[in-house]
Amino acid sequence: MKQASDFSKILLWREPVDMRKQINGLAEIVESELQENLFENTLFLFCNKKRDLVKAIYFDKAGFCLWIKKLDSDRFPWFRKADQAELTISARDFELVVDGVDVFKRHRKLNFTSYS
């Protein structure tokens with residue numbers, strides 16, 4: 001697989017995907033649901049309902065590539081915002097997600113009026 005930083009965009013699909021889908025089924029989601037161009041330099045990420053399996057597809061000059069990572073006893077962090085069907089993340093965040101770090105849970109913003 002290419003390095004995550006080689007992609008101009010990394011896009012996560014929020015909804016759980018039936019992981020029996022291969023390249024053709026995932027490409028259909030990209031075109032019909034995401035309405036994205038499959039042939040741009042974009043990495044598309046999909047996760048199953050149990051969040052123990054991630055698949056990624058991208059086009060690499062001569063054809064499509066499919067990447068799979070399955071966890072034995074843990075779950076991938078995945079974003080859950082109901083108002084977003086997809087989310088664009090950075091290469092750094094992608095690497096953290098596949099390593100199990102929840103990049104979607106950020107510190108809440110605090111507003112102070114004085115220090116003491």
# chains A, B, ... in the order shown; residues from 1 in each chain; ligands from 1

call {"tool": "select_by_dssp", "arguments": {"residues": "range 43-98 of chain A", "states": "strand (DSSP E or B)", "output": "PyMOL selection string"}}
result
chain A and resi 43-47+53-59+64-70+86-89

call {"tool": "write_last_selection", "arguments": {"atoms": "C-alpha atoms", "output": "compact mmCIF listing (two decimals), in the first residue's frame"}}
result
# COMPACT_ATOMS: atom_id res chain seq x y z
CA LEU A 43 -8.08 6.63 -0.07
CA PHE A 44 -11.61 5.47 0.82
CA LEU A 45 -12.11 3.74 4.19
CA PHE A 46 -14.96 1.48 5.29
CA CYS A 47 -15.65 -0.32 8.57
CA LEU A 53 -12.49 -4.89 10.24
CA VAL A 54 -11.47 -1.99 8.01
CA LYS A 55 -11.21 -2.04 4.24
CA ALA A 56 -9.65 0.64 2.10
CA ILE A 57 -9.72 1.08 -1.67
CA TYR A 58 -7.90 3.40 -4.01
CA PHE A 59 -7.01 3.61 -7.67
CA PHE A 64 -7.76 -0.70 -7.94
CA CYS A 65 -6.10 -1.73 -4.71
CA LEU A 66 -7.89 -3.23 -1.72
CA TRP A 67 -6.36 -3.08 1.75
CA ILE A 68 -7.80 -4.97 4.75
CA LYS A 69 -7.02 -4.90 8.46
CA LYS A 70 -8.82 -7.22 10.90
CA GLU A 86 -18.37 10.86 5.48
CA LEU A 87 -15.37 12.51 7.04
CA THR A 88 -12.07 13.63 5.55
CA ILE A 89 -9.07 12.97 7.80

call {"tool": "closest_atom_pairs", "arguments": {"of": "range 53-91 of chain A", "to": "range 102-111 of chain A", "cutoff": "8 Å", "atoms": "only C-alpha atoms", "output": "Markdown table"}}
result
| residue | atom | partner | partner_atom | distance |
| --- | --- | --- | --- | --- |
| A:Pro77 | CA | A:Asp102 | CA | 5.1 |
| A:Trp78 | CA | A:Phe104 | CA | 7.1 |
| A:Phe79 | CA | A:Phe104 | CA | 5.8 |

call {"tool": "write_last_selection", "arguments": {"atoms": "C-alpha atoms", "output": "PDB file, in the first residue's frame"}}
result
ATOM      1  CA  PRO A  77     -12.377   3.954  16.706  1.00  0.00           C
ATOM      2  CA  TRP A  78     -14.873   5.344  14.193  1.00  0.00           C
ATOM      3  CA  PHE A  79     -16.688   8.644  13.951  1.00  0.00           C
TER       4      PHE A  79
END

call {"tool": "atom_distance", "arguments": {"atom1": "CA of Arg75 in chain A", "atom2": "CA of Arg20 in chain A"}}
result
18.4 Å

call {"tool": "residues_around", "arguments": {"residues": "Leu38 in chain A", "least_positions_apart": "2", "cutoff": "8 Å", "atoms": "only C-alpha atoms", "output": "ChimeraX atom specification"}}
result
/A:27,30-31,36,40,42,58-59

call {"tool": "atom_distance", "arguments": {"atom1": "CA of Asp83 in chain A", "atom2": "CA of Phe7 in chain A"}}
result
25.3 Å

call {"tool": "atom_distance", "arguments": {"atom1": "CA of Asp74 in chain A", "atom2": "CA of Ile23 in chain A"}}
result
24.9 Å

call {"tool": "select_by_dssp", "arguments": {"residues": "chain A", "states": "helix (DSSP H, G or I)", "output": "short mmCIF file (atom, residue, chain, number, x, y, z; two decimals) with N, CA and C atoms, in the first residue's frame"}}
result
data_model
loop_
_atom_site.label_atom_id
_atom_site.label_comp_id
_atom_site.auth_asym_id
_atom_site.auth_seq_id
_atom_site.Cartn_x
_atom_site.Cartn_y
_atom_site.Cartn_z
N ALA A 4 0.21 6.73 3.59
CA ALA A 4 -0.98 7.57 3.78
C ALA A 4 -0.74 8.99 3.32
N SER A 5 0.46 9.49 3.50
CA SER A 5 0.78 10.86 3.10
C SER A 5 0.82 11.04 1.59
N ASP A 6 0.84 9.95 0.83
CA ASP A 6 0.83 10.03 -0.63
C ASP A 6 -0.54 10.39 -1.20
N ILE A 23 -13.99 -4.92 -4.09
CA ILE A 23 -13.71 -3.65 -4.76
C ILE A 23 -14.95 -3.10 -5.47
N ASN A 24 -15.66 -3.94 -6.22
CA ASN A 24 -16.82 -3.46 -6.97
C ASN A 24 -17.91 -2.91 -6.06
N GLY A 25 -18.22 -3.61 -4.99
CA GLY A 25 -19.26 -3.15 -4.06
C GLY A 25 -18.87 -1.88 -3.33
N LEU A 26 -17.62 -1.79 -2.91
CA LEU A 26 -17.15 -0.58 -2.24
C LEU A 26 -17.07 0.59 -3.21
N ALA A 27 -16.68 0.32 -4.45
CA ALA A 27 -16.63 1.37 -5.47
C ALA A 27 -18.03 1.91 -5.74
N GLU A 28 -19.03 1.06 -5.67
CA GLU A 28 -20.42 1.50 -5.86
C GLU A 28 -20.84 2.48 -4.76
N ILE A 29 -20.42 2.23 -3.53
CA ILE A 29 -20.71 3.15 -2.42
C ILE A 29 -20.03 4.50 -2.68
N VAL A 30 -18.78 4.46 -3.14
CA VAL A 30 -18.05 5.69 -3.41
C VAL A 30 -18.76 6.52 -4.47
N GLU A 31 -19.19 5.88 -5.55
CA GLU A 31 -19.82 6.62 -6.63
C GLU A 31 -21.26 7.04 -6.32
N SER A 32 -22.06 6.13 -5.75
CA SER A 32 -23.47 6.45 -5.57
C SER A 32 -23.77 7.19 -4.27
N GLU A 33 -23.14 6.81 -3.17
CA GLU A 33 -23.42 7.44 -1.88
C GLU A 33 -22.52 8.65 -1.61
N LEU A 34 -21.23 8.47 -1.79
CA LEU A 34 -20.29 9.56 -1.54
C LEU A 34 -20.23 10.55 -2.70
N ALA A 91 -3.50 12.24 6.97
CA ALA A 91 -2.69 11.02 6.94
C ALA A 91 -2.29 10.62 8.35
N ARG A 92 -1.95 11.58 9.17
CA ARG A 92 -1.57 11.30 10.57
C ARG A 92 -2.74 10.67 11.32
N ASP A 93 -3.95 11.23 11.14
CA ASP A 93 -5.12 10.67 11.81
C ASP A 93 -5.43 9.26 11.31
N PHE A 94 -5.24 9.01 10.02
CA PHE A 94 -5.45 7.66 9.48
C PHE A 94 -4.54 6.66 10.19
N GLU A 95 -3.27 7.00 10.31
CA GLU A 95 -2.33 6.10 10.96
C GLU A 95 -2.70 5.86 12.42
N LEU A 96 -3.20 6.90 13.09
CA LEU A 96 -3.63 6.74 14.48
C LEU A 96 -4.87 5.86 14.58
N VAL A 97 -5.82 6.03 13.67
CA VAL A 97 -7.05 5.22 13.68
C VAL A 97 -6.72 3.75 13.51
N VAL A 98 -5.88 3.41 12.53
CA VAL A 98 -5.57 1.99 12.33
C VAL A 98 -4.71 1.43 13.46
#

call {"tool": "closest_residue", "arguments": {"among": "A:Lys9, A:Lys2, A:Arg80, A:Lys21", "to": "Arg51 in chain A", "atoms": "only C-alpha atoms"}}
result
A:Arg80

call {"tool": "closest_residue", "arguments": {"among": "A:Gln84, A:Ser90, A:Lys50, A:Gln3", "to": "Leu71 in chain A", "atoms": "only C-alpha atoms"}}
result
A:Lys50

call {"tool": "decode", "arguments": {"residues": "range 4-48 of chain A", "atoms": "N, CA and C atoms", "output": "mmCIF file, in the first residue's frame"}}
result
data_model
loop_
_atom_site.group_PDB
_atom_site.id
_atom_site.type_symbol
_atom_site.label_atom_id
_atom_site.label_comp_id
_atom_site.auth_asym_id
_atom_site.auth_seq_id
_atom_site.Cartn_x
_atom_site.Cartn_y
_atom_site.Cartn_z
ATOM 1 N N ALA A 4 0.212 6.735 3.586
ATOM 2 C CA ALA A 4 -0.982 7.567 3.778
ATOM 3 C C ALA A 4 -0.740 8.994 3.321
ATOM 4 N N SER A 5 0.465 9.486 3.501
ATOM 5 C CA SER A 5 0.777 10.862 3.103
ATOM 6 C C SER A 5 0.820 11.041 1.587
ATOM 7 N N ASP A 6 0.835 9.948 0.826
ATOM 8 C CA ASP A 6 0.832 10.034 -0.635
ATOM 9 C C ASP A 6 -0.537 10.395 -1.201
ATOM 10 N N PHE A 7 -1.593 10.235 -0.401
ATOM 11 C CA PHE A 7 -2.945 10.519 -0.873
ATOM 12 C C PHE A 7 -3.278 11.990 -0.679
ATOM 13 N N SER A 8 -3.986 12.569 -1.649
ATOM 14 C CA SER A 8 -4.399 13.965 -1.503
ATOM 15 C C SER A 8 -5.576 14.086 -0.539
ATOM 16 N N LYS A 9 -6.338 12.981 -0.373
ATOM 17 C CA LYS A 9 -7.483 13.003 0.542
ATOM 18 C C LYS A 9 -7.712 11.584 1.068
ATOM 19 N N ILE A 10 -8.112 11.495 2.347
ATOM 20 C CA ILE A 10 -8.487 10.224 2.957
ATOM 21 C C ILE A 10 -9.906 10.398 3.478
ATOM 22 N N LEU A 11 -10.820 9.577 2.977
ATOM 23 C CA LEU A 11 -12.237 9.746 3.264
ATOM 24 C C LEU A 11 -12.797 8.512 3.960
ATOM 25 N N LEU A 12 -13.440 8.715 5.116
ATOM 26 C CA LEU A 12 -14.069 7.634 5.874
ATOM 27 C C LEU A 12 -15.573 7.653 5.639
ATOM 28 N N TRP A 13 -16.154 6.488 5.415
ATOM 29 C CA TRP A 13 -17.594 6.324 5.301
ATOM 30 C C TRP A 13 -18.126 5.934 6.674
ATOM 31 N N ARG A 14 -19.103 6.686 7.194
ATOM 32 C CA ARG A 14 -19.579 6.496 8.571
ATOM 33 C C ARG A 14 -20.374 5.211 8.769
ATOM 34 N N GLU A 15 -21.256 4.883 7.840
ATOM 35 C CA GLU A 15 -22.160 3.751 8.005
ATOM 36 C C GLU A 15 -21.413 2.410 7.977
ATOM 37 N N PRO A 16 -21.859 1.447 8.773
ATOM 38 C CA PRO A 16 -21.255 0.113 8.703
ATOM 39 C C PRO A 16 -21.479 -0.504 7.325
ATOM 40 N N VAL A 17 -20.485 -1.250 6.851
ATOM 41 C CA VAL A 17 -20.538 -1.850 5.526
ATOM 42 C C VAL A 17 -20.468 -3.365 5.657
ATOM 43 N N ASP A 18 -21.239 -4.046 4.837
ATOM 44 C CA ASP A 18 -21.178 -5.503 4.753
ATOM 45 C C ASP A 18 -19.813 -5.857 4.156
ATOM 46 N N MET A 19 -18.961 -6.478 4.929
ATOM 47 C CA MET A 19 -17.594 -6.716 4.496
ATOM 48 C C MET A 19 -17.442 -7.879 3.520
ATOM 49 N N ARG A 20 -18.557 -8.440 3.084
ATOM 50 C CA ARG A 20 -18.479 -9.369 1.959
ATOM 51 C C ARG A 20 -18.253 -8.605 0.667
ATOM 52 N N LYS A 21 -18.497 -7.292 0.721
ATOM 53 C CA LYS A 21 -18.260 -6.450 -0.457
ATOM 54 C C LYS A 21 -16.764 -6.402 -0.753
ATOM 55 N N GLN A 22 -16.449 -6.481 -2.018
ATOM 56 C CA GLN A 22 -15.064 -6.363 -2.454
ATOM 57 C C GLN A 22 -14.922 -5.027 -3.186
ATOM 58 N N ILE A 23 -13.986 -4.915 -4.090
ATOM 59 C CA ILE A 23 -13.714 -3.646 -4.756
ATOM 60 C C ILE A 23 -14.954 -3.105 -5.467
ATOM 61 N N ASN A 24 -15.660 -3.940 -6.216
ATOM 62 C CA ASN A 24 -16.816 -3.456 -6.975
ATOM 63 C C ASN A 24 -17.914 -2.907 -6.064
ATOM 64 N N GLY A 25 -18.221 -3.607 -4.988
ATOM 65 C CA GLY A 25 -19.255 -3.154 -4.063
ATOM 66 C C GLY A 25 -18.867 -1.884 -3.326
ATOM 67 N N LEU A 26 -17.617 -1.788 -2.913
ATOM 68 C CA LEU A 26 -17.152 -0.579 -2.236
ATOM 69 C C LEU A 26 -17.073 0.587 -3.209
ATOM 70 N N ALA A 27 -16.678 0.320 -4.447
ATOM 71 C CA ALA A 27 -16.632 1.372 -5.470
ATOM 72 C C ALA A 27 -18.029 1.912 -5.738
ATOM 73 N N GLU A 28 -19.031 1.057 -5.673
ATOM 74 C CA GLU A 28 -20.417 1.497 -5.856
ATOM 75 C C GLU A 28 -20.837 2.476 -4.760
ATOM 76 N N ILE A 29 -20.419 2.227 -3.528
ATOM 77 C CA ILE A 29 -20.708 3.153 -2.424
ATOM 78 C C ILE A 29 -20.027 4.496 -2.683
ATOM 79 N N VAL A 30 -18.783 4.457 -3.136
ATOM 80 C CA VAL A 30 -18.045 5.692 -3.406
ATOM 81 C C VAL A 30 -18.763 6.524 -4.467
ATOM 82 N N GLU A 31 -19.192 5.879 -5.546
ATOM 83 C CA GLU A 31 -19.824 6.621 -6.635
ATOM 84 C C GLU A 31 -21.256 7.042 -6.321
ATOM 85 N N SER A 32 -22.058 6.134 -5.749
ATOM 86 C CA SER A 32 -23.474 6.453 -5.570
ATOM 87 C C SER A 32 -23.769 7.195 -4.268
ATOM 88 N N GLU A 33 -23.136 6.813 -3.173
ATOM 89 C CA GLU A 33 -23.421 7.436 -1.881
ATOM 90 C C GLU A 33 -22.524 8.650 -1.606
ATOM 91 N N LEU A 34 -21.225 8.470 -1.789
ATOM 92 C CA LEU A 34 -20.290 9.565 -1.540
ATOM 93 C C LEU A 34 -20.234 10.555 -2.697
ATOM 94 N N GLN A 35 -20.607 10.091 -3.878
ATOM 95 C CA GLN A 35 -20.546 10.892 -5.100
ATOM 96 C C GLN A 35 -19.146 11.487 -5.293
ATOM 97 N N GLU A 36 -18.157 10.617 -5.113
ATOM 98 C CA GLU A 36 -16.755 10.991 -5.280
ATOM 99 C C GLU A 36 -16.195 10.324 -6.526
ATOM 100 N N ASN A 37 -15.128 10.890 -7.061
ATOM 101 C CA ASN A 37 -14.443 10.328 -8.211
ATOM 102 C C ASN A 37 -13.470 9.252 -7.728
ATOM 103 N N LEU A 38 -13.702 8.020 -8.150
ATOM 104 C CA LEU A 38 -12.852 6.893 -7.746
ATOM 105 C C LEU A 38 -11.417 7.006 -8.246
ATOM 106 N N PHE A 39 -11.207 7.765 -9.293
ATOM 107 C CA PHE A 39 -9.911 7.775 -9.956
ATOM 108 C C PHE A 39 -9.006 8.920 -9.507
ATOM 109 N N GLU A 40 -9.463 9.700 -8.538
ATOM 110 C CA GLU A 40 -8.600 10.720 -7.962
ATOM 111 C C GLU A 40 -7.680 10.067 -6.941
ATOM 112 N N ASN A 41 -6.738 10.782 -6.461
ATOM 113 C CA ASN A 41 -5.749 10.257 -5.521
ATOM 114 C C ASN A 41 -6.327 10.256 -4.097
ATOM 115 N N THR A 42 -7.401 9.464 -3.904
ATOM 116 C CA THR A 42 -8.120 9.431 -2.630
ATOM 117 C C THR A 42 -8.146 8.015 -2.083
ATOM 118 N N LEU A 43 -7.956 7.896 -0.780
ATOM 119 C CA LEU A 43 -8.079 6.625 -0.068
ATOM 120 C C LEU A 43 -9.456 6.614 0.590
ATOM 121 N N PHE A 44 -10.261 5.599 0.278
ATOM 122 C CA PHE A 44 -11.611 5.475 0.823
ATOM 123 C C PHE A 44 -11.627 4.365 1.865
ATOM 124 N N LEU A 45 -12.115 4.688 3.079
ATOM 125 C CA LEU A 45 -12.108 3.740 4.187
ATOM 126 C C LEU A 45 -13.519 3.343 4.589
ATOM 127 N N PHE A 46 -13.675 2.046 4.887
ATOM 128 C CA PHE A 46 -14.960 1.484 5.290
ATOM 129 C C PHE A 46 -14.745 0.570 6.490
ATOM 130 N N CYS A 47 -15.749 0.501 7.369
ATOM 131 C CA CYS A 47 -15.651 -0.324 8.567
ATOM 132 C C CYS A 47 -16.930 -1.151 8.706
ATOM 133 N N ASN A 48 -16.819 -2.321 9.342
ATOM 134 C CA ASN A 48 -17.998 -3.150 9.562
ATOM 135 C C ASN A 48 -18.727 -2.736 10.844
#
